[in-house]
Amino acid sequence: MKTIYAKVAAILAVVIGVMGVSAGAPVLLGRTPSWPVIAWLPVYNVAAGAITVLLLSILLWKNHRHAVLAALTTLGVHTLVMIVLQTVYRDVVATQSLQAMTIRIGTWLLIVGLLFLQRRKDSRRVELRTGAATPAGH
């Protein structure tokens, strides 16, 4: 399988996306956890999870040319949300929410790393196929 890193990244994206939907959906359906909930956070979790499963994971699986940009953007948005939680909502955000966001950010860092490995592998394969990496005259 020539796109193994992209495939692993896609599987990780599906897992983290399903976790986001699983965490947010029950709250949106009225089941209140035992910790404080910031009203917009379950909506964010479900939306981000759904987009991850239905769109981002497909881009990753196909090793699409926009996969790295999509993964970096997703990582950036999750990081921005974490910064907002740590600053604006510092006194009310639940530890569980911070832990979940930390896991999400860590997973997306891993996904981005895998995609960069995939791109490096792809560029080497192109160089070998075209001879672009060999010195002139050889």
# chains A, B, ... in the order shown; residues from 1 in each chain; ligands from 1
>>> residues_around(residues="region 111-122 of chain A", least_positions_apart="2", cutoff="9 Å", atoms="only C-alpha atoms", output="list in words")
Lys2, Thr3, Ile4, Tyr5, Ala6, Val8, Ala9, Ala10, Leu12, Ala13, Leu60, Asn63, Ala67, Val68, Ala71, Leu72, Leu75, Gly106, Thr107, Trp108, Leu109, Arg124, Arg125, Val126 and Glu127 of chain A
>>> select_by_dssp(residues="chain A", states="helix (DSSP H, G or I)", output="JSON, numbers by chain")
{"A": [4, 5, 6, 7, 8, 9, 10, 11, 12, 13, 14, 15, 16, 17, 18, 19, 20, 21, 22, 23, 24, 25, 26, 27, 28, 40, 41, 42, 43, 44, 45, 46, 47, 48, 49, 50, 51, 52, 53, 54, 55, 56, 57, 58, 59, 60, 61, 67, 68, 69, 70, 71, 72, 73, 74, 75, 76, 77, 78, 79, 80, 81, 82, 83, 84, 85, 86, 87, 95, 96, 97, 98, 99, 100, 101, 102, 103, 104, 105, 106, 107, 108, 109, 110, 111, 112, 113, 114, 115, 116, 117, 118, 119, 120, 121, 122, 123, 124, 125, 126, 127, 128, 129, 130]}
>>> write_last_selection(atoms="C-alpha atoms", output="CSV table (one decimal), in the first residue's frame")
chain,number,residue,atom,x,y,z
A,4,ILE,CA,-0.1,3.8,4.3
A,5,TYR,CA,0.6,7.0,6.3
A,6,ALA,CA,-2.4,8.8,4.7
A,7,LYS,CA,-4.6,5.7,5.4
A,8,VAL,CA,-3.5,5.6,9.1
A,9,ALA,CA,-4.1,9.3,9.4
A,10,ALA,CA,-7.6,8.9,7.9
A,11,ILE,CA,-8.4,6.1,10.4
A,12,LEU,CA,-7.2,8.3,13.3
A,13,ALA,CA,-9.4,11.1,12.0
A,14,VAL,CA,-12.4,8.9,11.9
A,15,VAL,CA,-11.7,7.7,15.5
A,16,ILE,CA,-11.3,11.3,16.9
A,17,GLY,CA,-14.3,12.5,14.9
A,18,VAL,CA,-16.5,9.8,16.2
A,19,MET,CA,-15.3,10.6,19.7
A,20,GLY,CA,-16.3,14.3,19.3
A,21,VAL,CA,-19.7,13.3,18.1
A,22,SER,CA,-20.1,10.8,20.9
A,23,ALA,CA,-19.1,13.4,23.5
A,24,GLY,CA,-21.3,16.2,22.2
A,25,ALA,CA,-24.4,14.4,20.9
A,26,PRO,CA,-25.8,13.2,24.3
A,27,VAL,CA,-25.5,16.7,25.8
A,28,LEU,CA,-27.3,18.2,22.8
A,40,TRP,CA,-21.4,26.1,22.6
A,41,LEU,CA,-18.9,23.4,23.2
A,42,PRO,CA,-21.1,20.3,22.6
A,43,VAL,CA,-22.2,22.0,19.3
A,44,TYR,CA,-18.6,22.5,18.4
A,45,ASN,CA,-17.7,18.9,19.3
A,46,VAL,CA,-20.5,17.5,17.1
A,47,ALA,CA,-19.9,19.8,14.2
A,48,ALA,CA,-16.1,19.2,14.2
A,49,GLY,CA,-16.6,15.5,14.6
A,50,ALA,CA,-19.1,15.3,11.8
A,51,ILE,CA,-16.9,17.3,9.4
A,52,THR,CA,-13.9,15.2,10.4
A,53,VAL,CA,-15.7,11.9,9.7
A,54,LEU,CA,-17.7,13.0,6.6
A,55,LEU,CA,-15.1,15.2,4.8
A,56,LEU,CA,-11.6,15.3,6.3
A,57,SER,CA,-11.1,11.6,6.7
A,58,ILE,CA,-12.0,11.1,3.0
A,59,LEU,CA,-9.5,13.7,1.9
A,60,LEU,CA,-6.9,12.0,4.1
A,61,TRP,CA,-7.8,8.5,2.8
A,67,ALA,CA,-5.2,17.0,2.9
A,68,VAL,CA,-2.3,18.6,4.6
A,69,LEU,CA,-3.9,22.1,4.4
A,70,ALA,CA,-7.2,20.6,5.8
A,71,ALA,CA,-5.3,18.9,8.6
A,72,LEU,CA,-3.3,21.9,9.5
A,73,THR,CA,-6.5,24.1,9.5
A,74,THR,CA,-8.3,21.6,11.7
A,75,LEU,CA,-5.3,21.5,14.1
A,76,GLY,CA,-5.3,25.3,14.1
A,77,VAL,CA,-9.0,25.6,14.9
A,78,HIS,CA,-8.8,23.0,17.7
A,79,THR,CA,-5.8,24.9,19.1
A,80,LEU,CA,-7.7,28.2,18.9
A,81,VAL,CA,-10.7,26.6,20.8
A,82,MET,CA,-8.3,25.4,23.4
A,83,ILE,CA,-6.8,28.9,23.8
A,84,VAL,CA,-10.3,30.3,24.2
A,85,LEU,CA,-11.2,27.7,26.8
A,86,GLN,CA,-8.0,28.3,28.7
A,87,THR,CA,-8.4,32.1,28.7
A,95,THR,CA,-11.3,19.3,33.3
A,96,GLN,CA,-12.9,16.6,31.1
A,97,SER,CA,-13.4,19.2,28.3
A,98,LEU,CA,-9.7,20.3,28.5
A,99,GLN,CA,-8.6,16.6,28.5
A,100,ALA,CA,-10.7,15.9,25.4
A,101,MET,CA,-9.4,18.9,23.6
A,102,THR,CA,-5.8,17.9,24.5
A,103,ILE,CA,-6.4,14.5,23.1
A,104,ARG,CA,-7.9,16.0,20.0
A,105,ILE,CA,-5.0,18.4,19.5
A,106,GLY,CA,-2.5,15.6,20.1
A,107,THR,CA,-4.2,13.3,17.6
A,108,TRP,CA,-4.2,16.1,14.9
A,109,LEU,CA,-0.5,16.7,15.5
A,110,LEU,CA,0.0,13.0,14.8
A,111,ILE,CA,-2.2,13.2,11.7
A,112,VAL,CA,-0.3,16.2,10.4
A,113,GLY,CA,3.0,14.3,11.0
A,114,LEU,CA,1.8,11.3,9.2
A,115,LEU,CA,0.7,13.4,6.2
A,116,PHE,CA,4.1,15.1,6.0
A,117,LEU,CA,5.7,11.6,6.1
A,118,GLN,CA,3.4,10.6,3.3
A,119,ARG,CA,4.3,13.7,1.2
A,120,ARG,CA,8.0,13.0,1.7
A,121,LYS,CA,7.5,9.3,0.6
A,122,ASP,CA,5.4,10.5,-2.4
A,123,SER,CA,8.1,13.0,-3.5
A,124,ARG,CA,10.8,10.4,-3.2
A,125,ARG,CA,8.8,8.0,-5.4
A,126,VAL,CA,8.3,10.7,-8.0
A,127,GLU,CA,12.1,11.5,-7.9
A,128,LEU,CA,13.0,7.9,-8.4
A,129,ARG,CA,10.5,7.5,-11.2
A,130,THR,CA,11.5,10.6,-13.1
>>> atom_distance(atom1="CA of Pro33 (chain A)", atom2="CA of Val92 (chain A)")
14.2 Å
>>> atom_distance(atom1="CA of Val88 (chain A)", atom2="CA of Arg31 (chain A)")
25.0 Å
